[in-house]
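Below: protein-v5.txt (compact mmCIF, C-alpha atoms and all ligand atoms)
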# COMPACT_ATOMS: atom_id res chain seq x y z
CA MET A 6 10.51 -4.74 13.60
CA SER A 7 8.67 -5.59 10.37
CA GLY A 8 11.40 -4.84 7.85
CA PHE A 9 9.64 -1.64 6.74
CA SER A 10 11.89 1.14 8.02
CA SER A 11 10.42 4.43 9.13
CA SER A 12 12.85 6.24 6.80
CA TRP A 13 11.51 4.28 3.80
CA LEU A 14 7.89 4.88 4.80
CA SER A 15 8.58 8.62 5.28
CA LEU A 16 10.35 8.82 1.93
CA ARG A 17 7.48 7.20 0.03
CA GLU A 18 4.60 8.99 1.75
CA PRO A 19 4.56 12.16 -0.41
CA TYR A 20 4.73 10.03 -3.57
CA ASP A 21 1.96 7.79 -2.26
CA ARG A 22 -0.09 10.87 -1.44
CA ARG A 23 0.36 12.23 -4.95
CA ALA A 24 -0.42 8.83 -6.48
CA ARG A 25 -3.66 8.12 -4.56
CA ASN A 26 -6.45 7.90 -7.11
CA GLY A 27 -8.73 10.94 -6.91
CA ALA A 28 -11.85 9.17 -8.21
CA VAL A 29 -11.45 6.47 -5.57
CA LEU A 30 -11.04 9.08 -2.82
CA GLU A 31 -14.11 10.83 -4.24
CA ALA A 32 -16.06 7.56 -3.85
CA VAL A 33 -14.97 7.43 -0.21
CA ARG A 34 -16.09 11.03 0.21
CA ALA A 35 -19.48 10.27 -1.38
CA TRP A 36 -19.98 7.27 0.95
CA ALA A 37 -19.13 9.42 3.98
CA ALA A 38 -21.25 12.43 2.93
CA GLY A 39 -24.03 13.13 5.39
CA ARG A 40 -22.35 11.32 8.28
CA SER A 41 -21.39 13.45 11.24
CA SER A 42 -18.54 11.15 12.25
CA VAL A 43 -16.81 7.99 11.14
CA ALA A 44 -14.94 5.19 12.92
CA VAL A 45 -12.06 3.78 10.89
CA VAL A 46 -9.72 0.85 11.36
CA ASP A 47 -6.49 1.12 9.37
CA LEU A 48 -4.80 -2.22 8.72
CA ALA A 49 -0.98 -2.18 8.74
CA CYS A 50 -0.74 1.55 9.34
CA GLY A 51 3.05 1.92 9.28
CA LEU A 52 3.59 5.58 10.15
CA GLY A 53 -0.05 6.52 9.49
CA SER A 54 0.21 7.52 5.84
CA THR A 55 -3.33 6.31 5.08
CA LEU A 56 -4.83 8.41 7.86
CA ARG A 57 -3.15 11.52 6.48
CA GLY A 58 -4.11 10.59 2.91
CA VAL A 59 -7.79 9.94 3.62
CA THR A 60 -8.72 12.22 6.50
CA GLU A 61 -9.79 15.11 4.24
CA SER A 62 -12.28 12.86 2.43
CA LEU A 63 -14.12 12.07 5.68
CA PRO A 64 -16.34 14.03 8.08
CA ARG A 65 -14.49 16.24 10.56
CA ARG A 66 -15.13 13.97 13.54
CA GLN A 67 -13.15 10.79 13.04
CA SER A 68 -11.91 8.02 15.25
CA TRP A 69 -9.02 5.99 13.90
CA ARG A 70 -7.80 2.65 15.20
CA LEU A 71 -4.32 2.20 13.82
CA THR A 72 -3.08 -1.39 13.69
CA ASP A 73 0.34 -2.83 12.93
CA ASN A 74 2.63 -5.51 14.33
CA ASP A 75 5.65 -3.20 14.36
CA LEU A 76 5.53 -1.54 17.75
CA SER A 77 8.06 1.12 16.87
CA LEU A 78 6.14 2.25 13.74
CA LEU A 79 2.87 2.10 15.63
CA ALA A 80 4.18 4.29 18.46
CA ARG A 81 5.47 6.85 15.98
CA ALA A 82 2.22 6.80 13.98
CA ALA A 83 0.18 7.50 17.08
CA GLY A 84 2.59 10.24 18.15
CA LEU A 85 2.62 12.15 14.87
CA ALA A 86 0.61 15.34 14.86
CA GLN A 87 -3.01 14.69 13.89
CA PRO A 88 -5.61 17.14 12.69
CA PRO A 89 -8.01 18.33 15.42
CA ASP A 90 -11.26 16.38 15.96
CA LEU A 91 -9.46 13.09 15.42
CA THR A 92 -9.29 10.39 18.05
CA VAL A 93 -6.43 8.00 17.38
CA THR A 94 -5.74 4.72 19.15
CA ALA A 95 -2.82 2.47 18.31
CA VAL A 96 -3.40 -1.26 18.63
CA PRO A 97 -0.59 -3.78 18.17
CA VAL A 98 -1.95 -6.68 16.12
CA ASP A 99 -0.44 -9.49 14.12
CA LEU A 100 -2.88 -9.23 11.23
CA ALA A 101 -1.82 -12.58 9.82
CA ARG A 102 -3.18 -14.21 12.95
CA ASP A 103 -5.70 -11.77 14.39
CA LEU A 104 -7.36 -9.94 11.51
CA GLU A 105 -10.81 -10.75 12.90
CA ALA A 106 -9.97 -9.28 16.32
CA ALA A 107 -8.59 -6.14 14.66
CA LEU A 108 -12.00 -5.54 13.08
CA ASP A 109 -14.04 -6.08 16.24
CA GLY A 110 -15.79 -3.22 17.99
CA PRO A 111 -17.19 0.01 16.58
CA VAL A 112 -15.89 0.20 13.00
CA GLU A 113 -17.59 1.78 9.98
CA LEU A 114 -14.75 1.84 7.45
CA ILE A 115 -11.70 -0.34 6.84
CA THR A 116 -8.66 1.28 5.26
CA THR A 117 -5.27 -0.01 4.20
CA SER A 118 -2.42 1.00 1.90
CA ALA A 119 0.49 -0.96 0.46
CA LEU A 120 -0.61 -4.13 2.23
CA LEU A 121 -2.62 -6.31 -0.14
CA ASP A 122 0.36 -7.27 -2.32
CA LEU A 123 1.98 -8.75 0.82
CA VAL A 124 -0.92 -11.02 1.72
CA SER A 125 -1.92 -14.48 0.52
CA HIS A 126 -5.00 -15.57 -1.38
CA ASP A 127 -6.37 -17.12 1.84
CA TRP A 128 -5.81 -13.97 3.88
CA LEU A 129 -7.51 -11.85 1.21
CA ASP A 130 -10.47 -14.24 1.44
CA ARG A 131 -10.56 -13.69 5.20
CA LEU A 132 -10.58 -9.93 4.70
CA VAL A 133 -13.37 -10.14 2.11
CA THR A 134 -15.44 -12.51 4.27
CA GLU A 135 -15.00 -10.49 7.46
CA SER A 136 -15.73 -7.18 5.74
CA ALA A 137 -18.87 -8.58 4.13
CA ALA A 138 -20.10 -10.27 7.33
CA ARG A 139 -19.81 -6.88 9.07
CA ARG A 140 -21.15 -5.00 5.98
CA LEU A 141 -18.11 -2.73 6.06
CA PRO A 142 -16.71 -0.73 3.16
CA VAL A 143 -13.01 -1.04 2.36
CA TYR A 144 -10.61 1.56 0.99
CA ALA A 145 -7.43 -0.20 -0.13
CA ALA A 146 -4.73 1.86 -1.82
CA LEU A 147 -1.40 1.39 -3.51
CA SER A 148 -1.35 -2.31 -4.36
CA TYR A 149 1.57 -2.89 -6.72
CA ASP A 150 0.38 -4.30 -10.07
CA GLY A 151 3.66 -5.62 -11.46
CA LEU A 152 3.95 -3.05 -14.26
CA ALA A 153 6.99 -0.83 -14.13
CA THR A 154 8.76 1.21 -16.79
CA LEU A 155 12.11 2.92 -16.65
CA ASP A 156 13.48 5.67 -18.84
CA PRO A 157 16.04 5.51 -20.39
CA VAL A 158 15.41 1.84 -21.14
CA ASP A 159 18.17 -0.65 -20.26
CA PRO A 160 18.41 -4.13 -21.82
CA LEU A 161 18.29 -5.76 -18.34
CA ASP A 162 15.27 -3.81 -17.03
CA SER A 163 12.65 -6.37 -17.95
CA ALA A 164 14.60 -9.30 -16.47
CA VAL A 165 15.07 -7.36 -13.22
CA ILE A 166 11.39 -6.40 -13.06
CA GLU A 167 10.44 -10.03 -13.72
CA ALA A 168 12.66 -11.13 -10.83
CA VAL A 169 11.18 -8.42 -8.59
CA ASN A 170 7.69 -9.66 -9.40
CA GLU A 171 8.70 -13.21 -8.54
CA HIS A 172 10.17 -11.94 -5.27
CA GLN A 173 6.89 -10.17 -4.53
CA ARG A 174 5.15 -13.54 -4.65
CA GLY A 175 7.33 -14.91 -1.84
CA GLU A 176 6.31 -15.33 1.79
CA LYS A 177 5.77 -12.00 3.58
CA GLY A 178 4.31 -13.38 6.80
CA PHE A 179 0.82 -14.09 5.46
CA GLY A 180 1.52 -17.23 3.38
CA PRO A 181 2.58 -17.11 -0.29
CA ALA A 182 2.02 -13.48 -1.26
CA LEU A 183 -0.33 -12.42 -4.04
CA GLY A 184 2.30 -9.87 -5.08
CA PRO A 185 1.35 -8.19 -8.37
CA ALA A 186 -1.80 -10.35 -8.64
CA ALA A 187 -3.37 -8.57 -5.65
CA ALA A 188 -4.19 -5.44 -7.64
CA ALA A 189 -6.66 -7.32 -9.86
CA ALA A 190 -7.67 -10.08 -7.43
CA ALA A 191 -8.81 -7.92 -4.53
CA PRO A 192 -11.37 -5.69 -6.30
CA GLY A 193 -12.60 -8.78 -8.17
CA ARG A 194 -13.19 -10.69 -4.92
CA PHE A 195 -15.29 -7.83 -3.52
CA GLU A 196 -17.30 -7.55 -6.75
CA ALA A 197 -17.93 -11.29 -6.68
CA ILE A 198 -19.70 -11.02 -3.32
CA GLY A 199 -21.89 -8.14 -4.45
CA TYR A 200 -19.89 -5.10 -3.42
CA GLY A 201 -19.84 -1.99 -5.61
CA VAL A 202 -16.24 -1.22 -6.48
CA VAL A 203 -14.61 1.96 -7.73
CA GLN A 204 -11.01 1.43 -8.74
CA GLY A 205 -8.28 3.33 -10.50
CA ALA A 206 -4.56 3.62 -11.09
CA SER A 207 -2.30 5.08 -8.44
CA ASP A 208 1.05 4.73 -10.16
CA TRP A 209 4.18 6.17 -8.69
CA VAL A 210 5.63 8.62 -11.19
CA PHE A 211 9.20 9.65 -10.45
CA GLY A 212 10.87 12.35 -12.51
CA PRO A 213 14.59 13.15 -12.89
CA ARG A 214 14.56 15.23 -9.68
CA ASP A 215 13.17 12.39 -7.55
CA THR A 216 16.63 10.97 -7.08
CA GLU A 217 16.42 9.62 -3.54
CA ILE A 218 13.31 7.53 -4.03
CA GLN A 219 14.51 6.22 -7.40
CA THR A 220 17.80 5.17 -5.80
CA GLU A 221 15.96 3.43 -2.93
CA VAL A 222 13.52 1.61 -5.20
CA LEU A 223 16.16 0.47 -7.70
CA THR A 224 18.53 -0.67 -4.95
CA GLY A 225 15.66 -2.67 -3.43
CA TRP A 226 14.97 -4.21 -6.82
CA ALA A 227 18.62 -5.21 -7.20
CA VAL A 228 18.54 -6.91 -3.79
CA ALA A 229 15.29 -8.70 -4.67
CA ALA A 230 16.70 -9.85 -8.02
CA ARG A 231 19.84 -11.16 -6.30
CA GLU A 232 17.70 -13.13 -3.86
CA ILE A 233 15.72 -14.69 -6.72
CA GLY A 234 18.97 -15.77 -8.38
CA SER A 235 17.79 -15.84 -12.01
CA ILE A 236 20.27 -13.14 -13.13
CA PRO A 237 24.05 -13.39 -12.60
CA ILE A 238 25.11 -11.15 -9.72
CA GLY A 239 27.64 -9.29 -11.89
CA ASP A 240 24.91 -8.36 -14.35
CA ILE A 241 22.73 -7.02 -11.53
CA ILE A 242 25.60 -4.92 -10.17
CA ASN A 243 26.34 -3.47 -13.61
CA TRP A 244 22.65 -2.78 -14.19
CA LEU A 245 22.38 -0.94 -10.86
CA ALA A 246 25.51 1.07 -11.65
CA ARG A 247 24.08 2.11 -15.04
CA ARG A 248 20.75 3.06 -13.47
CA ARG A 249 22.50 5.09 -10.77
CA ASP A 250 24.51 6.86 -13.46
CA HIS A 251 21.23 7.86 -15.16
CA ILE A 252 19.90 9.15 -11.82
CA ALA A 253 23.09 11.11 -11.09
CA ALA A 254 22.99 12.63 -14.59
CA GLY A 255 19.39 13.81 -14.00
CA ARG A 256 17.96 11.77 -16.89
CA SER A 257 16.15 8.97 -15.05
CA SER A 258 12.37 8.62 -14.80
CA MET A 259 10.22 5.75 -13.59
CA ARG A 260 6.61 4.69 -13.42
CA VAL A 261 5.61 1.93 -11.00
CA GLY A 262 2.06 0.65 -11.37
CA HIS A 263 -0.35 0.56 -8.43
CA VAL A 264 -4.10 0.27 -8.03
CA ASP A 265 -6.50 1.80 -5.48
CA PHE A 266 -10.07 0.74 -4.87
CA PHE A 267 -13.05 1.49 -2.68
CA ALA A 268 -15.47 -1.38 -2.19
CA ARG A 269 -18.81 -0.90 -0.45
CA PRO A 270 -21.74 -3.18 0.24
CA ILE A 271 -24.33 -2.12 -2.34
CA ALA A 272 -27.41 -2.47 -0.16
CA THR A 273 -26.14 -0.34 2.74
CA ARG A 274 -24.91 3.22 3.15
C1 LIG B 301 4.51 -1.35 2.95
S1 LIG B 301 4.19 -0.99 4.62
C2 LIG B 301 2.76 0.06 4.47
C3 LIG B 301 2.55 0.95 5.66
C4 LIG B 301 1.45 2.01 5.51
N1 LIG B 301 0.15 1.40 5.30
C5 LIG B 301 1.77 2.95 4.38
O1 LIG B 301 1.04 2.97 3.38
O2 LIG B 301 2.76 3.67 4.49
C6 LIG B 301 3.50 -2.50 5.23
C7 LIG B 301 3.09 -2.46 6.68
O3 LIG B 301 2.56 -3.75 7.03
C8 LIG B 301 2.93 -4.02 8.35
N2 LIG B 301 2.82 -5.47 8.56
C9 LIG B 301 3.50 -6.44 7.91
N3 LIG B 301 3.13 -7.65 8.38
C10 LIG B 301 2.18 -7.42 9.33
C11 LIG B 301 1.41 -8.27 10.19
N4 LIG B 301 1.55 -9.60 10.16
N5 LIG B 301 0.56 -7.70 11.07
C12 LIG B 301 0.42 -6.34 11.10
N6 LIG B 301 1.12 -5.49 10.33
C13 LIG B 301 1.99 -6.04 9.45
C14 LIG B 301 4.35 -3.50 8.45
O4 LIG B 301 4.78 -3.32 9.77
C15 LIG B 301 4.22 -2.19 7.66
O5 LIG B 301 3.87 -1.13 8.51

Take the structure in this file and express it as structure tokens.
Ligand SMILES: C[S@@+](CC[C@H](N)C(=O)[O-])C[C@H]1O[C@@H](n2cnc3c(N)ncnc32)[C@H](O)[C@@H]1O
Amino acid sequence: MSGFSSSWLSLREPYDRRARNGAVLEAVRAWAAGRSSVAVVDLACGLGSTLRGVTESLPRRQSWRLTDNDLSLLARAAGLAQPPDLTVTAVPVDLARDLEAALDGPVELITTSALLDLVSHDWLDRLVTESAARRLPVYAALSYDGLATLDPVDPLDSAVIEAVNEHQRGEKGFGPALGPAAAAAAPGRFEAIGYGVVQGASDWVFGPRDTEIQTEVLTGWAVAAREIGSIPIGDIINWLARRRDHIAAGRSSMRVGHVDFFARPIATR
């Protein structure tokens, strides 16, 4: 168990799908154009959301190696219905320890979603180094950038979001997490070693009807803020109650900032 429940990953997938940046997916498509097949390794696949989000941008014949350290998610990801012409293998890997092994073998494209904000500066360096040494392009989607807005505005929103961002920088199994800094740091690291990078926003946009996901996200934020301890618990409870009232009344909207990028070695296809 990784702490990422299958119900949460299923709930967010359609919003992630909608948020994925079209220009970045177009850059993936342009890279793949002319290939008859492609071999992909997906890092931290969860239930396989990245596969389903990217498959239409790639040639029909695809082989996917799905990796995760949560055996239950991995088994479900491999079992979910896949489009024809796809070969899918599920490989249990602790990416904190064995990133390099996960990339070994026939791989032409690395993908990942909602992972880079969990990893440390050192782990990101390992990913950049290993990708470059193998001359592999990287599609990395949905890194949280720390910018969130809620409507209607509540006086405690910014303090809660600040606490959430501090929580994001805590240990997530890879060393001190980059959290919101990942969204800017990761494309910058690839550019610095000579990769061409296409990046763009992939914000979650939740409207008044998206009640379940708003409730989940805001409840998670309240828990994170409590763990950080900078806001009195009573204030957090009252804030959450007010936010839930807005959701129940059908007047709550949210935007949560994310960034996608595609980084490819400039000198190679
Ligand atoms: C936020 S979820 C994203 C899942 C999926 N990529 C998606 O977009 O829905 C983070 C994923 O990272 C995986 N994960 C966390 N730590 C890991 C580690 N050390 N090794 C491999 N996977 C890990 C979790 O099991 C989870 O599936």

Open item on the list: Can you tell me which residues surround Val165 (chain A) at a distance of at most 8 Å, considering all atoms listed in the file, apart from same-chain residues fewer than 2 positions away, and format the answer as a list of chain:residue names?
Closed with: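 Contacts, in chain order: A:Leu161, A:Asp162, A:Ser163, A:Glu167, A:Ala168, A:Val169, A:Trp226, A:Ala227, A:Ala230, A:Ile236, A:Ile241.
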
Task: Neighbourhood of ligand LIG 301 (chain B) at 8 Å, counting all atoms listed in the file, reported as a PyMOL selection string - done: chain A and resi 6-9+14-15+17-18+21+47-55+72-75+78-79+97-102+117-120+123+146-147+177-179

Open item on the list: What's the separation between CA of Ser207 (chain A) and CA of Asp265 (chain A), in Å to one decimal place?
Closed with: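 That distance, rounded to one decimal, is 6.1 Å.
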
TODO: Name the residues in contact with Tyr149 (chain A) at a cut-off of 7 Å, using only C-alpha atoms, excluding same-chain residues fewer than 2 positions from it; report them as a list in words.
DONE: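 What passes the distance filter is Asp122, Leu147, Gly151, Pro185, Ala188, Gly262, His263 and Val264 of chain A.
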
Print the selection's residues with C-alpha atoms to a file, as a JSON list (two decimals), in the frame of the given file.
[["chain", "number", "residue", "atom", "x", "y", "z"],
["A", 122, "ASP", "CA", 0.36, -7.27, -2.32],
["A", 147, "LEU", "CA", -1.40, 1.39, -3.51],
["A", 151, "GLY", "CA", 3.66, -5.62, -11.46],
["A", 185, "PRO", "CA", 1.35, -8.19, -8.37],
["A", 188, "ALA", "CA", -4.19, -5.44, -7.64],
["A", 262, "GLY", "CA", 2.06, 0.65, -11.37],
["A", 263, "HIS", "CA", -0.35, 0.56, -8.43],
["A", 264, "VAL", "CA", -4.10, 0.27, -8.03]]

- [ ] Would you please work out which residue, of A:Val228, A:Val112, A:Val203, A:Ile252, is nearest to Asp215 (chain A) when using only C-alpha atoms?
- [x]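 Looking only at the distances to Asp215 (chain A), the closest residue turns out to be A:Ile252.
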
If we count all atoms listed in the file, what is near Ser258 (chain A) at a cut-off of 7 Å, once residues fewer than 4 positions away on the same chain are taken out, given as a PDB file with C-alpha atoms, in the coordinates of the input?
ATOM      1  CA  LEU A 155      12.110   2.920 -16.650  1.00  0.00           C
ATOM      2  CA  ASP A 156      13.480   5.670 -18.840  1.00  0.00           C
ATOM      3  CA  PHE A 211       9.200   9.650 -10.450  1.00  0.00           C
ATOM      4  CA  GLY A 212      10.870  12.350 -12.510  1.00  0.00           C
ATOM      5  CA  PRO A 213      14.590  13.150 -12.890  1.00  0.00           C
TER       6      PRO A 213
END

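Distance check against Ile166 (chain A) using all atoms listed in the file: of A:Arg139, A:Val222, A:Val133, A:Arg22, the minimum falls on A:Val222.
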
Task: Residue among A:Leu114, A:Ala106, A:Ala83, A:Ala190 lying closest to Leu63 (chain A), counting all atoms listed in the file - done: A:Leu114

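Picture a line from CA of Ser10 (chain A) to CA of Ala182 (chain A); it runs 19.9 Å.
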
Open item on the list: Let me make sure I understand: among A:Gly84, A:Ser125, A:Ser136, A:Ala189, which one has the smallest atom-to-atom distance to Glu176 (chain A) if we use all atoms listed in the file?
Closed with: A:Ser125
